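Colleague: One file is attached below, query17.txt, containing compact mmCIF, N, CA and C atoms.
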```
# COMPACT_ATOMS: atom_id res chain seq x y z
N MET A 286 -104.49 15.23 92.77
CA MET A 286 -103.61 16.26 92.25
C MET A 286 -102.68 16.78 93.35
N ARG A 287 -103.25 17.00 94.54
CA ARG A 287 -102.45 17.51 95.66
C ARG A 287 -101.33 16.54 96.00
N THR A 288 -101.63 15.24 96.04
CA THR A 288 -100.63 14.25 96.37
C THR A 288 -99.55 14.21 95.29
N TRP A 289 -99.96 14.26 94.02
CA TRP A 289 -98.99 14.23 92.93
C TRP A 289 -98.05 15.42 93.00
N LEU A 290 -98.61 16.61 93.19
CA LEU A 290 -97.80 17.82 93.26
C LEU A 290 -96.83 17.74 94.43
N PHE A 291 -97.32 17.30 95.59
CA PHE A 291 -96.45 17.17 96.75
C PHE A 291 -95.33 16.17 96.48
N THR A 292 -95.67 15.04 95.86
CA THR A 292 -94.67 14.02 95.57
C THR A 292 -93.60 14.56 94.64
N ALA A 293 -94.00 15.31 93.62
CA ALA A 293 -93.03 15.89 92.69
C ALA A 293 -92.11 16.88 93.41
N LEU A 294 -92.70 17.76 94.21
CA LEU A 294 -91.89 18.73 94.95
C LEU A 294 -90.98 18.05 95.95
N SER A 295 -91.49 17.02 96.61
CA SER A 295 -90.68 16.28 97.58
C SER A 295 -89.50 15.60 96.91
N ALA A 296 -89.73 15.04 95.73
CA ALA A 296 -88.64 14.37 95.00
C ALA A 296 -87.53 15.36 94.68
N ILE A 297 -87.90 16.54 94.24
CA ILE A 297 -86.90 17.56 93.92
C ILE A 297 -86.13 17.95 95.19
N LEU A 298 -86.86 18.20 96.28
CA LEU A 298 -86.22 18.55 97.54
C LEU A 298 -85.34 17.41 98.03
N TRP A 299 -85.84 16.19 97.95
CA TRP A 299 -85.09 15.02 98.43
C TRP A 299 -83.78 14.89 97.66
N MET A 300 -83.82 15.08 96.34
CA MET A 300 -82.60 14.99 95.55
C MET A 300 -81.62 16.08 95.94
N SER A 301 -82.12 17.29 96.20
CA SER A 301 -81.22 18.38 96.56
C SER A 301 -80.65 18.15 97.96
N CYS A 302 -81.44 17.58 98.86
CA CYS A 302 -80.97 17.34 100.22
C CYS A 302 -80.02 16.15 100.29
N SER A 303 -80.13 15.24 99.33
CA SER A 303 -79.29 14.05 99.32
C SER A 303 -77.98 14.28 98.57
N SER A 304 -77.86 15.39 97.90
CA SER A 304 -76.66 15.65 97.11
C SER A 304 -75.63 16.37 97.98
N THR A 305 -74.52 16.66 97.37
CA THR A 305 -73.45 17.36 98.10
C THR A 305 -73.51 18.85 97.79
N GLY A 306 -74.70 19.42 97.67
CA GLY A 306 -74.89 20.83 97.36
C GLY A 306 -74.39 21.73 98.46
N ALA A 307 -74.62 23.02 98.27
CA ALA A 307 -74.09 24.04 99.17
C ALA A 307 -74.94 24.22 100.43
N GLN A 308 -76.08 23.57 100.52
CA GLN A 308 -76.95 23.73 101.67
C GLN A 308 -76.27 23.20 102.93
N THR A 309 -76.37 23.94 104.04
CA THR A 309 -75.76 23.49 105.29
C THR A 309 -76.51 22.27 105.81
N PRO A 310 -75.86 21.44 106.62
CA PRO A 310 -76.57 20.29 107.20
C PRO A 310 -77.82 20.70 107.98
N ALA A 311 -77.75 21.78 108.74
CA ALA A 311 -78.92 22.22 109.52
C ALA A 311 -80.07 22.62 108.59
N ALA A 312 -79.76 23.32 107.50
CA ALA A 312 -80.80 23.71 106.55
C ALA A 312 -81.38 22.49 105.85
N THR A 313 -80.53 21.52 105.53
CA THR A 313 -81.01 20.28 104.92
C THR A 313 -81.98 19.57 105.86
N ILE A 314 -81.64 19.48 107.12
CA ILE A 314 -82.51 18.80 108.09
C ILE A 314 -83.81 19.57 108.25
N GLN A 315 -83.75 20.89 108.30
CA GLN A 315 -84.99 21.69 108.38
C GLN A 315 -85.90 21.34 107.20
N SER A 316 -85.34 21.26 106.01
CA SER A 316 -86.12 20.92 104.82
C SER A 316 -86.68 19.50 104.91
N LEU A 317 -85.87 18.57 105.36
CA LEU A 317 -86.33 17.18 105.49
C LEU A 317 -87.42 17.05 106.54
N GLU A 318 -87.34 17.84 107.59
CA GLU A 318 -88.41 17.83 108.60
C GLU A 318 -89.74 18.26 107.98
N GLU A 319 -89.69 19.26 107.10
CA GLU A 319 -90.91 19.69 106.42
C GLU A 319 -91.46 18.58 105.52
N VAL A 320 -90.56 17.93 104.78
CA VAL A 320 -90.99 16.82 103.92
C VAL A 320 -91.58 15.71 104.78
N TRP A 321 -90.97 15.40 105.91
CA TRP A 321 -91.45 14.38 106.84
C TRP A 321 -92.90 14.66 107.24
N ASN A 322 -93.16 15.89 107.67
CA ASN A 322 -94.52 16.22 108.11
C ASN A 322 -95.51 16.21 106.95
N GLN A 323 -95.15 16.83 105.84
CA GLN A 323 -96.08 16.90 104.71
C GLN A 323 -96.35 15.53 104.09
N SER A 324 -95.34 14.69 104.03
CA SER A 324 -95.56 13.36 103.44
C SER A 324 -96.49 12.52 104.30
N ARG A 325 -96.48 12.73 105.60
CA ARG A 325 -97.42 12.02 106.46
C ARG A 325 -98.83 12.58 106.31
N ILE A 326 -98.97 13.89 106.14
CA ILE A 326 -100.29 14.50 105.98
C ILE A 326 -100.96 14.03 104.69
N VAL A 327 -100.20 13.93 103.60
CA VAL A 327 -100.79 13.49 102.32
C VAL A 327 -100.73 11.97 102.15
N ALA A 328 -100.28 11.27 103.18
CA ALA A 328 -100.24 9.80 103.19
C ALA A 328 -99.37 9.23 102.07
N ASP A 329 -98.22 9.84 101.86
CA ASP A 329 -97.27 9.35 100.85
C ASP A 329 -96.33 8.36 101.54
N ALA A 330 -96.78 7.12 101.64
CA ALA A 330 -96.04 6.09 102.37
C ALA A 330 -94.65 5.86 101.77
N ARG A 331 -94.54 5.94 100.46
CA ARG A 331 -93.24 5.73 99.83
C ARG A 331 -92.25 6.81 100.23
N GLN A 332 -92.71 8.06 100.26
CA GLN A 332 -91.84 9.16 100.68
C GLN A 332 -91.44 9.00 102.14
N VAL A 333 -92.40 8.64 102.99
CA VAL A 333 -92.09 8.41 104.41
C VAL A 333 -91.02 7.34 104.54
N ALA A 334 -91.20 6.23 103.83
CA ALA A 334 -90.22 5.14 103.89
C ALA A 334 -88.84 5.59 103.44
N ASP A 335 -88.78 6.44 102.41
CA ASP A 335 -87.50 6.93 101.91
C ASP A 335 -86.78 7.81 102.92
N LEU A 336 -87.53 8.47 103.79
CA LEU A 336 -86.92 9.36 104.79
C LEU A 336 -86.36 8.59 105.99
N LEU A 337 -86.86 7.38 106.19
CA LEU A 337 -86.52 6.63 107.40
C LEU A 337 -85.40 5.62 107.17
N ASP A 338 -84.48 5.56 108.12
CA ASP A 338 -83.46 4.52 108.14
C ASP A 338 -84.14 3.17 108.37
N ASP A 339 -83.56 2.11 107.86
CA ASP A 339 -84.17 0.79 108.06
C ASP A 339 -84.26 0.41 109.53
N ASP A 340 -83.38 0.96 110.37
CA ASP A 340 -83.41 0.69 111.82
C ASP A 340 -84.24 1.70 112.60
N TRP A 341 -85.01 2.55 111.92
CA TRP A 341 -85.80 3.60 112.56
C TRP A 341 -86.74 3.02 113.61
N LYS A 342 -86.84 3.73 114.72
CA LYS A 342 -87.78 3.39 115.80
C LYS A 342 -88.48 4.66 116.25
N LEU A 343 -89.76 4.51 116.54
CA LEU A 343 -90.58 5.59 117.10
C LEU A 343 -91.03 5.18 118.47
N THR A 344 -90.79 6.02 119.46
CA THR A 344 -91.35 5.82 120.79
C THR A 344 -92.54 6.77 120.90
N HIS A 345 -93.73 6.16 120.99
CA HIS A 345 -94.98 6.93 121.06
C HIS A 345 -95.15 7.57 122.44
N VAL A 346 -96.14 8.47 122.54
CA VAL A 346 -96.41 9.17 123.80
C VAL A 346 -96.77 8.21 124.92
N ASP A 347 -97.31 7.04 124.58
CA ASP A 347 -97.70 6.07 125.61
C ASP A 347 -96.61 5.05 125.90
N GLY A 348 -95.43 5.23 125.32
CA GLY A 348 -94.31 4.34 125.58
C GLY A 348 -94.17 3.18 124.60
N ARG A 349 -95.15 2.98 123.74
CA ARG A 349 -95.03 1.92 122.74
C ARG A 349 -93.91 2.25 121.78
N VAL A 350 -93.23 1.23 121.29
CA VAL A 350 -92.16 1.40 120.32
C VAL A 350 -92.60 0.74 119.02
N GLU A 351 -92.42 1.46 117.91
CA GLU A 351 -92.85 0.96 116.61
C GLU A 351 -91.70 1.11 115.62
N GLY A 352 -91.53 0.14 114.75
CA GLY A 352 -90.49 0.17 113.73
C GLY A 352 -90.98 0.76 112.42
N LYS A 353 -90.07 0.82 111.48
CA LYS A 353 -90.34 1.43 110.18
C LYS A 353 -91.48 0.73 109.43
N GLU A 354 -91.40 -0.58 109.30
CA GLU A 354 -92.37 -1.29 108.47
C GLU A 354 -93.81 -1.13 108.95
N PRO A 355 -94.10 -1.37 110.23
CA PRO A 355 -95.50 -1.20 110.66
C PRO A 355 -95.97 0.26 110.58
N TYR A 356 -95.08 1.19 110.81
CA TYR A 356 -95.46 2.60 110.72
C TYR A 356 -95.84 2.97 109.29
N VAL A 357 -94.98 2.61 108.35
CA VAL A 357 -95.24 2.91 106.94
C VAL A 357 -96.48 2.17 106.46
N ASP A 358 -96.65 0.93 106.89
CA ASP A 358 -97.85 0.17 106.53
C ASP A 358 -99.12 0.85 107.02
N GLY A 359 -99.07 1.43 108.22
CA GLY A 359 -100.22 2.14 108.77
C GLY A 359 -100.61 3.35 107.93
N ILE A 360 -99.62 4.01 107.39
CA ILE A 360 -99.88 5.15 106.50
C ILE A 360 -100.44 4.66 105.17
N ALA A 361 -99.82 3.62 104.61
CA ALA A 361 -100.25 3.10 103.31
C ALA A 361 -101.68 2.55 103.35
N SER A 362 -102.05 1.91 104.46
CA SER A 362 -103.37 1.28 104.57
C SER A 362 -104.47 2.26 104.96
N GLY A 363 -104.08 3.44 105.42
CA GLY A 363 -105.06 4.40 105.91
C GLY A 363 -105.38 4.23 107.38
N GLY A 364 -104.73 3.28 108.02
CA GLY A 364 -104.93 3.07 109.46
C GLY A 364 -104.41 4.23 110.29
N ARG A 365 -103.46 4.94 109.73
CA ARG A 365 -102.92 6.15 110.37
C ARG A 365 -103.15 7.29 109.39
N GLN A 366 -103.97 8.25 109.79
CA GLN A 366 -104.28 9.39 108.93
C GLN A 366 -104.01 10.68 109.69
N ILE A 367 -102.99 11.37 109.30
CA ILE A 367 -102.63 12.63 109.96
C ILE A 367 -103.26 13.76 109.16
N GLN A 368 -104.06 14.55 109.82
CA GLN A 368 -104.75 15.66 109.16
C GLN A 368 -103.94 16.94 109.17
N SER A 369 -103.26 17.21 110.28
CA SER A 369 -102.48 18.45 110.36
C SER A 369 -101.36 18.30 111.39
N ILE A 370 -100.30 19.03 111.11
CA ILE A 370 -99.17 19.13 112.04
C ILE A 370 -98.74 20.59 112.02
N GLU A 371 -98.85 21.25 113.16
CA GLU A 371 -98.43 22.64 113.28
C GLU A 371 -97.21 22.68 114.19
N VAL A 372 -96.06 22.92 113.60
CA VAL A 372 -94.83 23.00 114.38
C VAL A 372 -94.72 24.41 114.94
N HIS A 373 -94.64 24.50 116.27
CA HIS A 373 -94.56 25.80 116.93
C HIS A 373 -93.12 26.16 117.31
N GLU A 374 -92.28 25.17 117.34
CA GLU A 374 -90.90 25.40 117.75
C GLU A 374 -90.08 24.24 117.20
N ARG A 375 -88.89 24.56 116.65
CA ARG A 375 -88.01 23.50 116.15
C ARG A 375 -86.57 23.99 116.24
N THR A 376 -85.71 23.17 116.80
CA THR A 376 -84.28 23.48 116.89
C THR A 376 -83.50 22.32 116.29
N VAL A 377 -82.57 22.62 115.43
CA VAL A 377 -81.71 21.61 114.81
C VAL A 377 -80.29 21.82 115.30
N ARG A 378 -79.69 20.74 115.80
CA ARG A 378 -78.28 20.76 116.20
C ARG A 378 -77.57 19.68 115.41
N THR A 379 -76.46 20.02 114.78
CA THR A 379 -75.72 19.03 114.00
C THR A 379 -74.38 18.75 114.66
N PHE A 380 -73.98 17.48 114.56
CA PHE A 380 -72.71 17.00 115.11
C PHE A 380 -72.11 16.05 114.07
N GLY A 381 -71.47 16.61 113.07
CA GLY A 381 -70.91 15.77 112.00
C GLY A 381 -72.02 15.11 111.20
N ASP A 382 -72.06 13.79 111.25
CA ASP A 382 -73.06 13.02 110.49
C ASP A 382 -74.31 12.70 111.30
N VAL A 383 -74.51 13.42 112.39
CA VAL A 383 -75.70 13.24 113.23
C VAL A 383 -76.36 14.60 113.44
N ALA A 384 -77.68 14.61 113.36
CA ALA A 384 -78.44 15.83 113.65
C ALA A 384 -79.54 15.47 114.64
N ILE A 385 -79.72 16.34 115.63
CA ILE A 385 -80.76 16.15 116.63
C ILE A 385 -81.73 17.32 116.51
N VAL A 386 -83.00 16.98 116.34
CA VAL A 386 -84.05 17.97 116.19
C VAL A 386 -84.98 17.86 117.40
N THR A 387 -85.25 18.98 118.03
CA THR A 387 -86.22 19.02 119.12
C THR A 387 -87.24 20.09 118.81
N GLY A 388 -88.44 19.90 119.32
CA GLY A 388 -89.45 20.91 119.06
C GLY A 388 -90.78 20.60 119.71
N GLU A 389 -91.74 21.43 119.36
CA GLU A 389 -93.11 21.29 119.87
C GLU A 389 -94.05 21.40 118.68
N ALA A 390 -95.09 20.56 118.69
CA ALA A 390 -96.05 20.58 117.59
C ALA A 390 -97.44 20.24 118.10
N LEU A 391 -98.44 20.72 117.39
CA LEU A 391 -99.83 20.33 117.60
C LEU A 391 -100.18 19.41 116.44
N GLN A 392 -100.60 18.19 116.77
CA GLN A 392 -100.89 17.20 115.73
C GLN A 392 -102.32 16.71 115.87
N ARG A 393 -102.96 16.52 114.72
CA ARG A 393 -104.35 16.05 114.68
C ARG A 393 -104.46 14.96 113.63
N GLY A 394 -105.11 13.86 113.99
CA GLY A 394 -105.29 12.79 113.02
C GLY A 394 -106.03 11.61 113.61
N TYR A 395 -106.16 10.58 112.79
CA TYR A 395 -106.88 9.37 113.18
C TYR A 395 -105.92 8.19 113.19
N ARG A 396 -106.08 7.35 114.18
CA ARG A 396 -105.35 6.09 114.25
C ARG A 396 -106.35 5.01 114.59
N ARG A 397 -106.49 4.05 113.69
CA ARG A 397 -107.47 2.97 113.83
C ARG A 397 -108.86 3.53 114.10
N GLY A 398 -109.22 4.61 113.40
CA GLY A 398 -110.55 5.20 113.49
C GLY A 398 -110.77 6.13 114.66
N GLU A 399 -109.79 6.27 115.53
CA GLU A 399 -109.94 7.12 116.72
C GLU A 399 -109.25 8.46 116.49
N LEU A 400 -110.01 9.57 116.69
CA LEU A 400 -109.44 10.89 116.56
C LEU A 400 -108.46 11.16 117.70
N ARG A 401 -107.30 11.66 117.34
CA ARG A 401 -106.29 12.01 118.34
C ARG A 401 -105.80 13.42 118.04
N VAL A 402 -105.84 14.25 119.05
CA VAL A 402 -105.33 15.62 118.95
C VAL A 402 -104.42 15.83 120.14
N GLY A 403 -103.23 16.32 119.90
CA GLY A 403 -102.35 16.53 121.04
C GLY A 403 -101.21 17.49 120.76
N ARG A 404 -100.81 18.19 121.81
CA ARG A 404 -99.60 19.00 121.79
C ARG A 404 -98.46 18.08 122.21
N LEU A 405 -97.41 18.08 121.42
CA LEU A 405 -96.31 17.15 121.64
C LEU A 405 -94.97 17.86 121.67
N ARG A 406 -94.08 17.37 122.49
CA ARG A 406 -92.66 17.70 122.37
C ARG A 406 -92.07 16.51 121.63
N PHE A 407 -91.16 16.78 120.71
CA PHE A 407 -90.60 15.68 119.93
C PHE A 407 -89.09 15.80 119.83
N THR A 408 -88.47 14.66 119.62
CA THR A 408 -87.04 14.57 119.34
C THR A 408 -86.87 13.65 118.14
N HIS A 409 -86.12 14.10 117.15
CA HIS A 409 -85.77 13.29 115.99
C HIS A 409 -84.25 13.24 115.90
N VAL A 410 -83.73 12.06 115.62
CA VAL A 410 -82.30 11.91 115.38
C VAL A 410 -82.12 11.48 113.92
N TRP A 411 -81.36 12.28 113.18
CA TRP A 411 -81.06 12.00 111.78
C TRP A 411 -79.60 11.60 111.66
N VAL A 412 -79.30 10.67 110.75
CA VAL A 412 -77.92 10.26 110.49
C VAL A 412 -77.64 10.40 109.00
N ARG A 413 -76.42 10.81 108.69
CA ARG A 413 -76.01 10.92 107.30
C ARG A 413 -75.15 9.71 106.97
N ARG A 414 -75.58 8.99 105.94
CA ARG A 414 -74.83 7.84 105.44
C ARG A 414 -74.44 8.19 104.01
N GLY A 415 -73.15 8.44 103.83
CA GLY A 415 -72.70 8.93 102.53
C GLY A 415 -73.18 10.36 102.37
N THR A 416 -74.03 10.61 101.37
CA THR A 416 -74.56 11.96 101.16
C THR A 416 -76.04 12.06 101.51
N THR A 417 -76.62 10.99 102.06
CA THR A 417 -78.06 10.95 102.32
C THR A 417 -78.37 10.96 103.81
N TRP A 418 -79.26 11.85 104.21
CA TRP A 418 -79.74 11.91 105.58
C TRP A 418 -80.99 11.04 105.71
N ARG A 419 -81.06 10.27 106.81
CA ARG A 419 -82.24 9.47 107.12
C ARG A 419 -82.54 9.62 108.62
N MET A 420 -83.84 9.60 108.94
CA MET A 420 -84.23 9.66 110.34
C MET A 420 -84.02 8.29 110.97
N LEU A 421 -83.37 8.26 112.13
CA LEU A 421 -83.07 7.02 112.83
C LEU A 421 -83.98 6.82 114.04
N ILE A 422 -84.28 7.89 114.75
CA ILE A 422 -85.07 7.83 115.98
C ILE A 422 -86.09 8.95 115.99
N SER A 423 -87.30 8.63 116.46
CA SER A 423 -88.32 9.65 116.69
C SER A 423 -88.97 9.34 118.03
N GLN A 424 -89.17 10.36 118.83
CA GLN A 424 -89.79 10.18 120.14
C GLN A 424 -90.71 11.35 120.39
N SER A 425 -91.90 11.07 120.92
CA SER A 425 -92.87 12.12 121.23
C SER A 425 -93.33 12.01 122.67
N THR A 426 -93.52 13.16 123.29
CA THR A 426 -94.06 13.23 124.64
C THR A 426 -95.23 14.20 124.62
N GLU A 427 -96.36 13.76 125.12
CA GLU A 427 -97.54 14.63 125.15
C GLU A 427 -97.39 15.70 126.20
N ILE A 428 -97.78 16.92 125.85
CA ILE A 428 -97.78 18.03 126.79
C ILE A 428 -99.19 18.09 127.40
N LYS A 429 -99.28 17.77 128.65
CA LYS A 429 -100.57 17.77 129.33
C LYS A 429 -100.95 19.20 129.73
N SER A 430 -102.22 19.50 129.64
CA SER A 430 -102.72 20.80 130.05
C SER A 430 -102.56 20.93 131.55
N SER A 431 -102.18 22.12 132.00
CA SER A 431 -101.99 22.35 133.44
C SER A 431 -103.32 22.68 134.14
N GLU A 432 -104.39 22.70 133.38
CA GLU A 432 -105.71 23.03 133.97
C GLU A 432 -106.36 21.82 134.57
```
Take the structure in the file and write it out as structure tokens.
Modeller:
Amino acid sequence: MRTWLFTALSAILWMSCSSTGAQTPAATIQSLEEVWNQSRIVADARQVADLLDDDWKLTHVDGRVEGKEPYVDGIASGGRQIQSIEVHERTVRTFGDVAIVTGEALQRGYRRGELRVGRLRFTHVWVRRGTTWRMLISQSTEIKSSE
């Protein structure tokens, strides 16, 4: 039920963010960032795929680079299970058809059966093609404890 409700709400938000409505580009990106995080938490691989540009690349905290297909497959198969994402800071800057999002988040989840918890700084680059925004680049850097 939770997944169905989220999917329905995401579809409505996605349609409003993809249209030429009155919402500012920065507000649209803020909304899409929320959909991005929630769709990963509920493992909605289709929604995740819809948010990502076909050329999307993720640079992980360890320097590995992953493309759209393997990332979405990991969500669909359950190999990547994100339990929570707490965004503590987020800034959106828009430059025409490009938006750059930076922020800090605490993320908890499993990857290939291994629990991972970390504070991250992240950068997302979104591009608008026509009336639709898609994420093109995602990069995360782990914040190490100073203790």
Colleague: Rank nothing, just name the residue among A:Asp329, A:Asp382, A:Val350, A:Ala361 nearest to A:Trp418, using only N, CA and C atoms.
Modeller: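 Answer, going by the shortest atom-to-atom distance: A:Asp382.
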Colleague: Write out as a list of chain:residue names each polymer residue whose atoms come within 8 Å of A:Ala334, counting all atoms listed in the file; drop sequence neighbours fewer than 3 positions from it.
Modeller: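 Counting all atoms listed in the file, the residues come to A:Asp329, A:Ala330, A:Arg331, A:Leu337, A:Asp338, A:Asp339, A:Lys353, A:Glu354, A:Tyr356, A:Val357.
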Colleague: Distance table requested - stretch 354-405 of chain A against stretch 410-413 of chain A, cut-off 6.5 Å, only N, CA and C atoms: one row per qualifying residue with the closest atom pair and its distance in Å to one decimal, ordered by chain and rising residue number, as a tab-separated table.
Modeller:
```
residue	atom	partner	partner_atom	distance
A:Asp382	C	A:Arg413	N	3.9
A:Val383	CA	A:Trp411	C	4.5
A:Ala384	C	A:Trp411	N	4.0
A:Ile385	CA	A:Val410	CA	4.7
A:Val386	N	A:Val410	N	5.0
```
Colleague: Fewer than 4 positions away in the same chain doesn't count, so skip those; otherwise give me all residues within 6 Å of A:Phe407, counting only C-alpha atoms, as an mmCIF file with N, CA and C atoms, keeping the file's coordinate frame.
Modeller:
```cif
data_model
loop_
_atom_site.group_PDB
_atom_site.id
_atom_site.type_symbol
_atom_site.label_atom_id
_atom_site.label_comp_id
_atom_site.auth_asym_id
_atom_site.auth_seq_id
_atom_site.Cartn_x
_atom_site.Cartn_y
_atom_site.Cartn_z
ATOM 1 N N THR A 387 -85.250 18.980 118.030
ATOM 2 C CA THR A 387 -86.220 19.020 119.120
ATOM 3 C C THR A 387 -87.240 20.090 118.810
ATOM 4 N N GLY A 388 -88.440 19.900 119.320
ATOM 5 C CA GLY A 388 -89.450 20.910 119.060
ATOM 6 C C GLY A 388 -90.780 20.600 119.710
ATOM 7 N N GLN A 424 -89.170 10.360 118.830
ATOM 8 C CA GLN A 424 -89.790 10.180 120.140
ATOM 9 C C GLN A 424 -90.710 11.350 120.390
ATOM 10 N N SER A 425 -91.900 11.070 120.920
ATOM 11 C CA SER A 425 -92.870 12.120 121.230
ATOM 12 C C SER A 425 -93.330 12.010 122.670
#
```
Colleague: Which residues in stretch 299-398 of chain A does DSSP call strand (DSSP E or B)? List them as a PyMOL selection string.
Modeller: chain A and resi 337-344+350-352+365-380+383-396
Colleague: Please provide as a PyMOL selection string all residues within 6.5 Å of A:Gln392, with the sequence filter that same-chain residues fewer than 2 positions apart are discarded (counting all atoms listed in the file).
Modeller: chain A and resi 369-371+390+394+401-405
Colleague: Selection from above, N, CA and C atoms, as a CSV table (one decimal), in the coordinates of the input, can you write it?
Modeller:
```
chain,number,residue,atom,x,y,z
A,369,SER,N,-103.3,17.2,110.3
A,369,SER,CA,-102.5,18.4,110.4
A,369,SER,C,-101.4,18.3,111.4
A,370,ILE,N,-100.3,19.0,111.1
A,370,ILE,CA,-99.2,19.1,112.0
A,370,ILE,C,-98.7,20.6,112.0
A,371,GLU,N,-98.8,21.2,113.2
A,371,GLU,CA,-98.4,22.6,113.3
A,371,GLU,C,-97.2,22.7,114.2
A,390,ALA,N,-95.1,20.6,118.7
A,390,ALA,CA,-96.0,20.6,117.6
A,390,ALA,C,-97.4,20.2,118.1
A,394,GLY,N,-105.1,13.9,114.0
A,394,GLY,CA,-105.3,12.8,113.0
A,394,GLY,C,-106.0,11.6,113.6
A,401,ARG,N,-107.3,11.7,117.3
A,401,ARG,CA,-106.3,12.0,118.3
A,401,ARG,C,-105.8,13.4,118.0
A,402,VAL,N,-105.8,14.2,119.0
A,402,VAL,CA,-105.3,15.6,119.0
A,402,VAL,C,-104.4,15.8,120.1
A,403,GLY,N,-103.2,16.3,119.9
A,403,GLY,CA,-102.4,16.5,121.0
A,403,GLY,C,-101.2,17.5,120.8
A,404,ARG,N,-100.8,18.2,121.8
A,404,ARG,CA,-99.6,19.0,121.8
A,404,ARG,C,-98.5,18.1,122.2
A,405,LEU,N,-97.4,18.1,121.4
A,405,LEU,CA,-96.3,17.2,121.6
A,405,LEU,C,-95.0,17.9,121.7
```
Colleague: Check the DSSP output for the backbone and give back, as a PyMOL selection string, the residues of stretch 297-420 of chain A in alpha helix (DSSP H).
Modeller: chain A and resi 297-303+310-326+330-336+353-362
Colleague: Between atom CA of A:Ser316 and atom CA of A:Ala328, what is the distance in Å, rounded to a tenth?
Modeller: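 About the pair atom CA of A:Ser316 and atom CA of A:Ala328: they are 18.0 Å apart.
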Colleague: One decimal, Å: what's the distance from atom C of A:Thr376 over to atom C of A:Arg349, could you say?
Modeller: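 Computed distance, atom C of A:Thr376 to atom C of A:Arg349, equals 23.3 Å.
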Colleague: May I have the centre and edge lengths, in Å to one decimal, of an axis-aligned box around the listed atoms of stretch 352-369 of chain A with 3 Å added to every side, as AutoDock Vina command-line options?
Modeller:
```
--center_x -97.7 --center_y 8.5 --center_z 109.0 --size_x 21.3 --size_y 25.8 --size_z 17.4
```
Colleague: Report the distance between atom N of A:Gln368 and atom CA of A:Asp335 in Å, rounded to one decimal place.
Modeller: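 Computing the Euclidean distance for atom N of A:Gln368 and atom CA of A:Asp335 yields 19.9 Å.
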Colleague: Using all atoms listed in the file, which of A:Thr379, A:Gly364, A:Ser324, A:Pro310 sits nearest A:Glu399?
Modeller: A:Gly364
Colleague: With distances taken over only N, CA and C atoms, which of A:Gly415, A:Glu427, A:Val377, A:Gly348 is nearest to A:Ala312?
Modeller: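 Closest to A:Ala312 of all the choices is A:Val377.
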